[in-house]
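What follows is a single structure, written as structure tokens, with notes after it.
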Amino acid sequence: MMKIMKNIGILFVAFVLISTSVFGQTAKQKRAERQFNDFSFVKAINTYEKLIDTSFNKFYAMRKLGDAYIMLRQPEKALPIYKEVVKQENVPSEYYLYYAQALRANGDYEASKKWMKKFKESGNEQDLRVKDFFKNDDLASAIFNASEKNTLQKLNINTKFNEFGAVELNNEIIFSSSRDEGVSVKRLYAWDKQPLLDLYKVSKEEASVEATKQLEGNVNTIHHDGPATFNSDGTKMYFSRNNYFEAKKINDEKGIMHVGIYSADLVNGKWENIKPSNLNNPNYIVYHPSLSEDGKKLYFASDMPGGIGGTDIYVSDVLEDGTLGKPVNLGNVINTEGNEAFPFIYNAEDILYFSSDGHVGFGLMDVFAAVKGENNSIVNVINLGEPINSKKDDFAYYLSKDGFKGFISSNRKGGEGGDDIYAFTRIPPLTLKGQIFDAVNNEPVVGAKVLLTRENGEELAYFITKEDGAYEHLIPRDEKFVLKGSKEKYQDVSKNFSSFGLEKEKEIIVDLNIPMKPIENVVILADLETIYFDLDKYNIRPDAAIELDKVVALMNKYPGMVIRLESHTDSRADDDYNLVLSNNRAKSTYKYIISKGIDASRITKYEGFGETQLVNKCSNNVKCSEADHQLNRRTEFIIIKMK
């Protein structure tokens, strides 16, 4: 009998258990992706390293680990990782480029040229990144911009004058403008001959030039006022203003009135109690304030003595008495010999955004994000790319609390006047979701491997399906992909799909239906529960009926499938009784299957073996649990033929 079983094979109707560790690794991968996309690169490194240690999706995790080190400006740590990455079969070709750049950053120019050539020969001869990446040495921004997508549109509040510095407050947009409406004597700024700035507000729902109003209170003067920043409850404002207080100009020795930071309180719907900050100085600029969400730190720009370039980014503590602490220059990773201005602190992840004409960019001033390292110090900056940045000045970046919408200001081509305000929407990487199903019974397949590749075969990641057969992963937009499903006892299956035209979608669902292998002598053809019986009974239990329906579905799917039934008992009761009982169980199983329309000729035999083929140690007089005895009360299906 054992020989027959080995030669023919048994359709064990068994549930395949996947260890909880697999699901834990899947959760780690999702966490690592979230950390990477939230600029938390130090945390992402730790999570990716854990994935590599467990060999879960190791190749993908290694690639992202190298990318994270590049973001932290540590090419020396990325180099040995990329060295292994480029050995991966079907690795995405951009990693030849990343490796070439890392080699170049570490001084190995000859090897860098070799891998650059390989990148170009991998179908990338016309790729503009070839020139731009090596011209700028800015691999971090290139990697970031490959996945970061934004849409951009002009707001209807723009005029032929300057509008910039938009922020949200209580469902309104607050911004600065030089439109100077309603003033009979227009005071022009000497620099661009435009009227001086005032602070305005407009409802987000009715954002138009006509609906725009000046802020109520004593904020606006006959000189520059704005842009502004607000505390979390909208009752305190810090804003830029020419050093003009209580109707008096505060000039330097050359008669120039510089800009300082002032504060105001909301009193009965109006901005009152205007006060100059203690950082203001008649001899230099202090402006562009941005307040942290907890109200304890104020970021700003200044050309005060001791800086690195023109204007630098600084931060001061907001002290209990309302004064500002000693300014701290944010250092030469952010500040350059050029001008850094318009800081914005995004409080959800404590990310600093700013504008600069000193870092490598697309044009004049560009918007950048600061990256923090292990000790919370700033180690790198990332250019936010197009369309946030253009060939002109791009500045005053603001991101809403949900992290998906915001404003920038720009004098780019196509605007209404000088500086204009644009609204942008961040389009996060698309979430691929899906399930893999058994094509016969439409049940989820647990423990299947699902491989995600680009259309050209470059492997992006793989997944091991959970109990519900599900998989999930972040994928780039506007590309073509292939999903491949595989599992022992099943035919391989693949499905092509694309992420084009999904700018408004957050996720795409792609399911796979995987058919059973139509071959002979298959040990296990589908993940089904074993058919069990109650003690001393041979009727078909409801749970067994569910599984037998799956067997019926298999036989309907494969008309050439011919089987034999074997039924077994536990060791309790005497041998003869158990033999009769097992035969009755086999007969019950047989009758159930043919009652569902299966031709009786396709079940060559049904037979009981009593307690002669126990699956565990629970023989006569051995003390066992009820669960152990239950394992022996079973029916198995032997495949005789399958065409």
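Convention: chains lettered A, B, ... in structure tokens order; per-chain residue numbering from 1; ligands numbered from 1 as shown.
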
Write out, as a tab-separated table, each residue of range 35-121 of chain A that has an atom at most 12 Å from range 340-353 of chain A, together with the closest pair of atoms and their distance in Å to one decimal, counting only C-alpha atoms, rows going by chain and rising number.
residue	atom	partner	partner_atom	distance
A:Gln35	CA	A:Glu349	CA	10.0
A:Phe36	CA	A:Glu349	CA	11.7
A:Asn37	CA	A:Glu349	CA	10.8
A:Asp38	CA	A:Glu349	CA	7.0
A:Phe39	CA	A:Ile351	CA	7.7
A:Ser40	CA	A:Glu349	CA	8.0
A:Phe41	CA	A:Glu349	CA	11.6

Serialized selection, C-alpha atoms, as a tab-separated table (two decimals), in the first residue's frame:
chain	number	residue	atom	x	y	z
A	35	GLN	CA	9.28	55.66	6.59
A	36	PHE	CA	11.20	56.12	3.34
A	37	ASN	CA	8.46	58.23	1.76
A	38	ASP	CA	8.15	60.33	4.94
A	39	PHE	CA	11.85	61.30	4.84
A	40	SER	CA	12.51	59.12	7.91
A	41	PHE	CA	15.52	57.51	6.27

message = Can you pull out the residues contacting range 554-567 of chain A? Cut-off 8 Å, using only C-alpha atoms, and skip same-chain residues under 4 positions away; I want them as an NGL selection string.
response = :A and (440-441 or 518 or 550 or 582-583 or 585-586 or 589-590 or 598 or 602-610 or 633-643)

Print the selection's residues with C-alpha atoms to a file, as a CSV table (one decimal), in the first residue's frame.
chain,number,residue,atom,x,y,z
A,440,VAL,CA,-11.3,26.2,-9.6
A,441,ASN,CA,-13.0,27.0,-6.4
A,518,PRO,CA,-3.5,19.2,-14.8
A,550,LYS,CA,-14.4,21.8,-3.6
A,582,SER,CA,-14.3,3.3,7.9
A,583,ASN,CA,-16.0,1.5,5.0
A,585,ARG,CA,-17.4,6.7,5.9
A,586,ALA,CA,-15.9,6.0,2.5
A,589,THR,CA,-18.2,10.3,0.9
A,590,TYR,CA,-18.7,8.5,-2.3
A,598,ILE,CA,-20.1,13.4,-10.7
A,602,ARG,CA,-14.9,8.4,-12.1
A,603,ILE,CA,-14.6,7.0,-8.6
A,604,THR,CA,-13.0,3.6,-9.2
A,605,LYS,CA,-13.3,2.4,-5.6
A,606,TYR,CA,-14.1,3.5,-2.1
A,607,GLU,CA,-12.6,1.6,0.8
A,608,GLY,CA,-12.1,1.7,4.5
A,609,PHE,CA,-8.9,0.8,6.3
A,610,GLY,CA,-10.0,1.1,9.9
A,633,ARG,CA,-10.6,10.1,11.5
A,634,ARG,CA,-10.2,11.2,7.9
A,635,THR,CA,-10.9,10.5,4.2
A,636,GLU,CA,-8.1,10.7,1.6
A,637,PHE,CA,-8.4,10.9,-2.2
A,638,ILE,CA,-6.0,8.9,-4.4
A,639,ILE,CA,-5.7,10.2,-8.0
A,640,ILE,CA,-5.8,7.3,-10.4
A,641,LYS,CA,-5.7,9.3,-13.6
A,642,MET,CA,-5.7,12.9,-14.7
A,643,LYS,CA,-5.6,14.0,-18.3

request  = Please provide the set of residues having any atom within 6 Å of Val446 in chain A, restricted to only C-alpha atoms, with same-chain residues fewer than 3 positions apart removed, written as a PyMOL selection string.
outcome  = chain A and resi 465-467+469

ask   = Pick from A:Ala461, A:Val450, A:Cys618, A:Cys624: nearest to Phe437 in chain A, with only C-alpha atoms counted?
value = A:Val450

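Within 10 Å of Asn145 in chain A, once only C-alpha atoms are used and residues closer than 3 positions along the same chain are dropped, the contacting residues are Leu139, Ala140, Ser141, Ala142, Glu148, Lys149, Ile382, Asn383, Leu384, Gly385 and Glu386 of chain A.
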
Let's have the selection written as a PDB file, in the first residue's frame, with N, CA and C atoms.
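In the end it all went to again02.pdb:
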ATOM      1  N   LEU A 139      22.465  62.677  -6.726  1.00  0.00           N
ATOM      2  CA  LEU A 139      21.776  61.399  -6.868  1.00  0.00           C
ATOM      3  C   LEU A 139      20.563  61.315  -5.960  1.00  0.00           C
ATOM      4  N   ALA A 140      20.641  61.872  -4.755  1.00  0.00           N
ATOM      5  CA  ALA A 140      19.511  61.807  -3.821  1.00  0.00           C
ATOM      6  C   ALA A 140      18.267  62.449  -4.428  1.00  0.00           C
ATOM      7  N   SER A 141      18.430  63.637  -5.000  1.00  0.00           N
ATOM      8  CA  SER A 141      17.284  64.313  -5.611  1.00  0.00           C
ATOM      9  C   SER A 141      16.752  63.509  -6.797  1.00  0.00           C
ATOM     10  N   ALA A 142      17.661  62.881  -7.543  1.00  0.00           N
ATOM     11  CA  ALA A 142      17.238  62.097  -8.695  1.00  0.00           C
ATOM     12  C   ALA A 142      16.400  60.904  -8.267  1.00  0.00           C
ATOM     13  N   GLU A 148       8.446  60.860  -6.651  1.00  0.00           N
ATOM     14  CA  GLU A 148       7.597  61.971  -6.208  1.00  0.00           C
ATOM     15  C   GLU A 148       6.904  62.616  -7.404  1.00  0.00           C
ATOM     16  N   LYS A 149       5.575  62.676  -7.375  1.00  0.00           N
ATOM     17  CA  LYS A 149       4.803  63.280  -8.448  1.00  0.00           C
ATOM     18  C   LYS A 149       3.900  64.369  -7.873  1.00  0.00           C
ATOM     19  N   ILE A 382      17.344  67.818  -0.555  1.00  0.00           N
ATOM     20  CA  ILE A 382      16.797  67.189  -1.752  1.00  0.00           C
ATOM     21  C   ILE A 382      16.000  68.224  -2.532  1.00  0.00           C
ATOM     22  N   ASN A 383      16.308  68.352  -3.804  1.00  0.00           N
ATOM     23  CA  ASN A 383      15.552  69.225  -4.690  1.00  0.00           C
ATOM     24  C   ASN A 383      14.208  68.571  -4.989  1.00  0.00           C
ATOM     25  N   LEU A 384      13.107  69.314  -4.835  1.00  0.00           N
ATOM     26  CA  LEU A 384      11.782  68.726  -4.996  1.00  0.00           C
ATOM     27  C   LEU A 384      11.391  68.492  -6.443  1.00  0.00           C
ATOM     28  N   GLY A 385      12.228  68.920  -7.380  1.00  0.00           N
ATOM     29  CA  GLY A 385      11.991  68.562  -8.771  1.00  0.00           C
ATOM     30  C   GLY A 385      10.840  69.299  -9.418  1.00  0.00           C
ATOM     31  N   GLU A 386      10.609  68.961 -10.685  1.00  0.00           N
ATOM     32  CA  GLU A 386       9.488  69.531 -11.419  1.00  0.00           C
ATOM     33  C   GLU A 386       8.200  68.791 -11.060  1.00  0.00           C
TER      34      GLU A 386
END

ask   = Could you pull the residues within 12 Å of range 569-580 of chain A, counting only C-alpha atoms, minus those fewer than 5 positions along the same chain, as a PyMOL selection string?
value = chain A and resi 531-538+585-587+607-636

For those residues, write N, CA and C atoms to a file as a compact mmCIF listing (two decimals), in the first residue's frame.
# COMPACT_ATOMS: atom_id res chain seq x y z
N ILE A 531 -11.13 15.94 5.30
CA ILE A 531 -12.49 15.52 5.63
C ILE A 531 -12.45 14.72 6.93
N TYR A 532 -13.02 15.26 7.97
CA TYR A 532 -13.03 14.59 9.27
C TYR A 532 -14.45 14.14 9.63
N PHE A 533 -14.50 13.17 10.56
CA PHE A 533 -15.78 12.62 11.02
C PHE A 533 -15.83 12.68 12.54
N ASP A 534 -17.05 12.74 13.05
CA ASP A 534 -17.23 12.67 14.50
C ASP A 534 -16.99 11.24 14.98
N LEU A 535 -16.69 11.13 16.25
CA LEU A 535 -16.41 9.83 16.86
C LEU A 535 -17.60 8.88 16.68
N ASP A 536 -17.28 7.69 16.13
CA ASP A 536 -18.26 6.60 16.01
C ASP A 536 -19.38 6.92 15.02
N LYS A 537 -19.13 7.92 14.10
CA LYS A 537 -20.17 8.28 13.13
C LYS A 537 -19.59 8.34 11.73
N TYR A 538 -20.50 8.24 10.75
CA TYR A 538 -20.03 8.29 9.37
C TYR A 538 -20.85 9.25 8.50
N ARG A 585 -17.82 5.27 6.19
CA ARG A 585 -17.39 6.66 5.94
C ARG A 585 -16.99 6.85 4.48
N ALA A 586 -16.29 5.87 3.94
CA ALA A 586 -15.90 5.96 2.53
C ALA A 586 -17.15 5.97 1.65
N LYS A 587 -18.12 5.14 2.01
CA LYS A 587 -19.35 5.07 1.22
C LYS A 587 -20.13 6.38 1.30
N GLU A 607 -13.04 2.66 -0.12
CA GLU A 607 -12.60 1.58 0.75
C GLU A 607 -12.24 2.13 2.12
N GLY A 608 -12.52 1.35 3.16
CA GLY A 608 -12.14 1.72 4.51
C GLY A 608 -10.98 0.88 5.01
N PHE A 609 -10.09 1.50 5.75
CA PHE A 609 -8.90 0.82 6.26
C PHE A 609 -8.87 0.78 7.79
N GLY A 610 -9.97 1.16 8.42
CA GLY A 610 -10.02 1.11 9.86
C GLY A 610 -8.90 1.92 10.49
N GLU A 611 -8.22 1.27 11.47
CA GLU A 611 -7.14 1.97 12.18
C GLU A 611 -5.76 1.50 11.74
N THR A 612 -5.68 0.93 10.54
CA THR A 612 -4.42 0.34 10.09
C THR A 612 -3.41 1.36 9.58
N GLN A 613 -3.85 2.60 9.32
CA GLN A 613 -2.93 3.60 8.77
C GLN A 613 -3.05 4.91 9.57
N LEU A 614 -2.68 4.84 10.82
CA LEU A 614 -2.72 6.03 11.68
C LEU A 614 -1.65 7.03 11.23
N VAL A 615 -1.94 8.32 11.40
CA VAL A 615 -0.99 9.37 10.99
C VAL A 615 -0.13 9.84 12.16
N ASN A 616 -0.38 9.29 13.37
CA ASN A 616 0.42 9.70 14.51
C ASN A 616 0.60 8.50 15.45
N LYS A 617 1.04 8.74 16.65
CA LYS A 617 1.39 7.69 17.61
C LYS A 617 0.18 7.11 18.35
N CYS A 618 -1.02 7.58 18.05
CA CYS A 618 -2.19 7.27 18.87
C CYS A 618 -2.77 5.88 18.57
N SER A 619 -1.98 4.87 18.77
CA SER A 619 -2.44 3.49 18.57
C SER A 619 -3.12 3.00 19.85
N ASN A 620 -3.48 1.71 19.88
CA ASN A 620 -4.21 1.15 21.02
C ASN A 620 -3.47 1.40 22.34
N ASN A 621 -4.23 1.83 23.35
CA ASN A 621 -3.74 2.01 24.72
C ASN A 621 -2.75 3.17 24.88
N VAL A 622 -2.55 3.99 23.82
CA VAL A 622 -1.71 5.19 23.94
C VAL A 622 -2.62 6.38 24.27
N LYS A 623 -2.25 7.09 25.33
CA LYS A 623 -3.08 8.21 25.77
C LYS A 623 -2.87 9.40 24.83
N CYS A 624 -3.93 9.86 24.20
CA CYS A 624 -3.84 10.99 23.26
C CYS A 624 -5.02 11.94 23.50
N SER A 625 -4.82 13.16 23.05
CA SER A 625 -5.89 14.15 23.15
C SER A 625 -6.94 13.88 22.09
N GLU A 626 -8.11 14.48 22.28
CA GLU A 626 -9.17 14.33 21.29
C GLU A 626 -8.73 14.90 19.94
N ALA A 627 -7.95 15.99 19.98
CA ALA A 627 -7.47 16.60 18.73
C ALA A 627 -6.56 15.64 17.97
N ASP A 628 -5.72 14.90 18.71
CA ASP A 628 -4.83 13.93 18.05
C ASP A 628 -5.62 12.78 17.44
N HIS A 629 -6.62 12.27 18.17
CA HIS A 629 -7.46 11.21 17.62
C HIS A 629 -8.21 11.69 16.38
N GLN A 630 -8.65 12.96 16.41
CA GLN A 630 -9.39 13.52 15.27
C GLN A 630 -8.59 13.44 13.98
N LEU A 631 -7.28 13.61 14.06
CA LEU A 631 -6.44 13.57 12.86
C LEU A 631 -6.50 12.23 12.15
N ASN A 632 -6.81 11.18 12.87
CA ASN A 632 -6.87 9.85 12.26
C ASN A 632 -8.23 9.54 11.65
N ARG A 633 -9.28 10.27 12.04
CA ARG A 633 -10.62 10.06 11.49
C ARG A 633 -10.77 10.92 10.23
N ARG A 634 -10.35 10.36 9.10
CA ARG A 634 -10.18 11.17 7.90
C ARG A 634 -10.52 10.37 6.65
N THR A 635 -10.74 11.09 5.55
CA THR A 635 -10.86 10.48 4.23
C THR A 635 -9.82 11.11 3.31
N GLU A 636 -9.12 10.28 2.54
CA GLU A 636 -8.12 10.74 1.60
C GLU A 636 -8.53 10.35 0.18
